Amino acid sequence: MPAATDQTTQLVPGAPRHVAIIMDGNGRWATQRGRPRLFGHHAGAKRVREIVEACPDFGVEYLTIFAFSTENWKRTQVEVAGLMSLFRRYITKETRALKVKGVRVRFIGDRVRLDAKLVKLMNMLEAETAENTLTHLTIALNYGGRDEVARATQRLAQDVASGLLHPDDVDEETLPRYLDTHVLPDPDLVIRTSGEARISNFLLWQSAYAEYEFIDTLWPDFTKAEFGHLCAAYGNRDRRFGAVSS
Ligand code: FPP
């Protein structure tokens with residue numbers, strides 16, 4: 001088998017280059033089955049693998065998934081601890097497959113509040129997959145859009161204070177360089193599962209011109225086929241970025 005990094009992305013006309021997903025509905029999926037919420041999160045983790053591996057088939061080069069928000073700490077201690085343990089398990093179990101499949105993994109969000117063992121695994125996964133280029137998977141963990149902008153602004157202000165940056169040079173190209181996503185293109189398509197039509201503090205700056213799909217499917221039921229359908233539908237949209245259609 002050729003090295004994964006030798007593979008080139010299949011060209012799909014009109015494909016969204018960067019898809020971001022709010023994976024919602026794990027809790028309801030579990031409750032419908034009379035099972036604890038964590039059962040739904042485990043089912044959701046299995047979907048992550050299927051969707052990541054489907055990206056090259058649909059021309060998606062960048063996939064960003066919302067795994068844990070800065071607001072999710074308000075959940076019960078049992079659910080938070082269960083999710084953290086699931087993230088550790090996911091990294092440990094999936095590193096090899098991600099590496100072989102050409103997936104480069106990055107994490108965004110504030111790592112300060114995360115436990116040291118998890119942060120170590122996150123750093124390891126980023127390093128282990130750093131040479132891959134086929135699919136860029138970004139996992140948002142302890143991520144909030146407002147928190148990200150606040151942290152970026154703090155770093156920008158430090159550069160102004162130390163004379164590295166002049167206030168007159170700050171424009172809309174400047175701030176993104178300080179965001180966690182500074183190496184990523186903006187998302188073209190944002191999908192939210194489970195019937196909720198809100199963005200919940202996800203990629204606030206970056207999604208200014210994204211197309212949105214709010215679908216009823218609960219995340220553990222989301223399939224490769226539905227993902228493909230949404231990517232194809234994106235190709236039919238007329239993105240004008242504020243201009244007039246030609
Ligand atoms: C939202 O559903 C989901 C989350 C807060 C967690 C997302 C996590 C996963 C999909 C697990 C695996 C992720 C990785 C990266 C291994 P919810 O619990 O709010 O559902 P509800 O709205 O039905 O209660």
# chains A, B, ... in the order shown; residues from 1 in each chain; ligands from 1
>>> residues_around(residues="Glu94 (chain A)", least_positions_apart="4", cutoff="10 Å", atoms="only C-alpha atoms", output="list in words")
Arg49, Arg89, Tyr90, Leu98, Lys99 and Leu125 of chain A
>>> residues_near_ligand(ligand="ligand 1", cutoff="6 Å", atoms="only C-alpha atoms and all ligand atoms", output="list in words")
Met23, Asp24, Gly25, Asn26, Gly27, Arg28, His41, Gly44, Ala45, Ala67, Phe68, Phe87 and Tyr90 of chain A
>>> residues_around(residues="Thr138 (chain A)", least_positions_apart="5", cutoff="6 Å", atoms="only C-alpha atoms", output="PDB file with N, CA and C atoms, in the first residue's frame")
ATOM      1  N   THR A  64     -13.637  19.939  10.821  1.00  0.00           N
ATOM      2  CA  THR A  64     -13.491  20.428  12.199  1.00  0.00           C
ATOM      3  C   THR A  64     -14.722  20.006  12.987  1.00  0.00           C
ATOM      4  N   VAL A 105      -4.098  15.460  12.618  1.00  0.00           N
ATOM      5  CA  VAL A 105      -5.013  15.909  13.676  1.00  0.00           C
ATOM      6  C   VAL A 105      -4.444  17.137  14.388  1.00  0.00           C
ATOM      7  N   ARG A 106      -5.333  18.095  14.600  1.00  0.00           N
ATOM      8  CA  ARG A 106      -4.996  19.267  15.421  1.00  0.00           C
ATOM      9  C   ARG A 106      -6.108  19.458  16.445  1.00  0.00           C
ATOM     10  N   PHE A 107      -5.782  20.085  17.542  1.00  0.00           N
ATOM     11  CA  PHE A 107      -6.801  20.420  18.540  1.00  0.00           C
ATOM     12  C   PHE A 107      -6.888  21.934  18.649  1.00  0.00           C
TER      13      PHE A 107
END
>>> residues_around(residues="Gly109 (chain A)", least_positions_apart="5", cutoff="9 Å", atoms="only C-alpha atoms", output="PyMOL selection string")
chain A and resi 69-70+139-145+147-148+180
>>> write_last_selection(atoms="all heavy atoms", output="mmCIF file, in the first residue's frame")
data_model
loop_
_atom_site.group_PDB
_atom_site.id
_atom_site.type_symbol
_atom_site.label_atom_id
_atom_site.label_comp_id
_atom_site.auth_asym_id
_atom_site.auth_seq_id
_atom_site.Cartn_x
_atom_site.Cartn_y
_atom_site.Cartn_z
ATOM 1 N N SER A 69 -17.400 21.894 24.518
ATOM 2 C CA SER A 69 -17.378 23.361 24.525
ATOM 3 C C SER A 69 -16.976 23.905 25.890
ATOM 4 O O SER A 69 -17.024 23.184 26.904
ATOM 5 C CB SER A 69 -18.755 23.912 24.141
ATOM 6 O OG SER A 69 -19.649 23.767 25.224
ATOM 7 N N THR A 70 -16.637 25.178 25.922
ATOM 8 C CA THR A 70 -16.294 25.816 27.192
ATOM 9 C C THR A 70 -17.505 25.827 28.125
ATOM 10 O O THR A 70 -17.364 25.989 29.333
ATOM 11 C CB THR A 70 -15.798 27.270 26.962
ATOM 12 O OG1 THR A 70 -16.687 27.917 26.041
ATOM 13 C CG2 THR A 70 -14.396 27.313 26.400
ATOM 14 N N ILE A 139 -10.060 18.934 16.102
ATOM 15 C CA ILE A 139 -11.010 18.597 17.169
ATOM 16 C C ILE A 139 -11.065 19.766 18.144
ATOM 17 O O ILE A 139 -10.041 20.157 18.716
ATOM 18 C CB ILE A 139 -10.572 17.295 17.888
ATOM 19 C CG1 ILE A 139 -10.464 16.142 16.864
ATOM 20 C CG2 ILE A 139 -11.551 16.952 18.996
ATOM 21 C CD1 ILE A 139 -9.934 14.829 17.448
ATOM 22 N N ALA A 140 -12.257 20.337 18.283
ATOM 23 C CA ALA A 140 -12.442 21.461 19.202
ATOM 24 C C ALA A 140 -12.758 20.902 20.591
ATOM 25 O O ALA A 140 -13.796 20.289 20.806
ATOM 26 C CB ALA A 140 -13.572 22.358 18.706
ATOM 27 N N LEU A 141 -11.838 21.117 21.518
ATOM 28 C CA LEU A 141 -11.954 20.517 22.853
ATOM 29 C C LEU A 141 -11.710 21.604 23.902
ATOM 30 O O LEU A 141 -10.653 22.233 23.901
ATOM 31 C CB LEU A 141 -10.884 19.424 22.966
ATOM 32 C CG LEU A 141 -11.297 18.095 23.554
ATOM 33 C CD1 LEU A 141 -10.222 17.054 23.356
ATOM 34 C CD2 LEU A 141 -11.644 18.239 25.002
ATOM 35 N N ASN A 142 -12.676 21.795 24.775
ATOM 36 C CA ASN A 142 -12.726 22.983 25.644
ATOM 37 C C ASN A 142 -12.591 24.237 24.774
ATOM 38 O O ASN A 142 -11.767 25.106 25.002
ATOM 39 C CB ASN A 142 -11.656 22.972 26.731
ATOM 40 C CG ASN A 142 -11.952 24.046 27.777
ATOM 41 O OD1 ASN A 142 -13.104 24.432 27.971
ATOM 42 N ND2 ASN A 142 -10.912 24.548 28.428
ATOM 43 N N TYR A 143 -13.434 24.266 23.752
ATOM 44 C CA TYR A 143 -13.420 25.357 22.773
ATOM 45 C C TYR A 143 -14.688 26.200 22.899
ATOM 46 O O TYR A 143 -15.792 25.670 23.062
ATOM 47 C CB TYR A 143 -13.339 24.779 21.346
ATOM 48 C CG TYR A 143 -13.461 25.867 20.307
ATOM 49 C CD1 TYR A 143 -12.343 26.586 19.895
ATOM 50 C CD2 TYR A 143 -14.718 26.238 19.793
ATOM 51 C CE1 TYR A 143 -12.460 27.625 18.989
ATOM 52 C CE2 TYR A 143 -14.837 27.265 18.882
ATOM 53 C CZ TYR A 143 -13.712 27.957 18.487
ATOM 54 O OH TYR A 143 -13.840 28.998 17.599
ATOM 55 N N GLY A 144 -14.504 27.500 22.807
ATOM 56 C CA GLY A 144 -15.625 28.432 22.696
ATOM 57 C C GLY A 144 -15.165 29.560 21.790
ATOM 58 O O GLY A 144 -14.034 30.041 21.930
ATOM 59 N N GLY A 145 -16.006 29.981 20.861
ATOM 60 C CA GLY A 145 -15.614 31.030 19.920
ATOM 61 C C GLY A 145 -15.264 32.337 20.625
ATOM 62 O O GLY A 145 -14.260 32.988 20.301
ATOM 63 N N ASP A 147 -14.307 32.706 23.749
ATOM 64 C CA ASP A 147 -13.080 32.481 24.515
ATOM 65 C C ASP A 147 -11.862 32.553 23.589
ATOM 66 O O ASP A 147 -10.827 33.138 23.932
ATOM 67 C CB ASP A 147 -13.154 31.100 25.194
ATOM 68 C CG ASP A 147 -11.877 30.758 25.938
ATOM 69 O OD1 ASP A 147 -11.599 31.410 26.956
ATOM 70 O OD2 ASP A 147 -11.134 29.865 25.467
ATOM 71 N N GLU A 148 -11.994 31.971 22.397
ATOM 72 C CA GLU A 148 -10.885 31.984 21.434
ATOM 73 C C GLU A 148 -10.546 33.423 21.019
ATOM 74 O O GLU A 148 -9.365 33.803 20.973
ATOM 75 C CB GLU A 148 -11.284 31.165 20.192
ATOM 76 C CG GLU A 148 -10.189 31.108 19.124
ATOM 77 C CD GLU A 148 -10.696 30.541 17.805
ATOM 78 O OE1 GLU A 148 -11.894 30.714 17.489
ATOM 79 O OE2 GLU A 148 -9.893 29.930 17.086
ATOM 80 N N ASP A 180 -6.894 30.236 17.283
ATOM 81 C CA ASP A 180 -6.412 28.842 17.336
ATOM 82 C C ASP A 180 -6.384 28.231 15.943
ATOM 83 O O ASP A 180 -5.630 27.300 15.670
ATOM 84 C CB ASP A 180 -7.349 27.975 18.195
ATOM 85 C CG ASP A 180 -7.405 28.417 19.643
ATOM 86 O OD1 ASP A 180 -6.573 29.254 20.047
ATOM 87 O OD2 ASP A 180 -8.292 27.921 20.372
#
>>> residues_around(residues="region 219-225 of chain A", least_positions_apart="5", cutoff="10 Å", atoms="only C-alpha atoms", output="ChimeraX atom specification")
/A:21-30,40-48,50-55,57-58,192-194,230-231
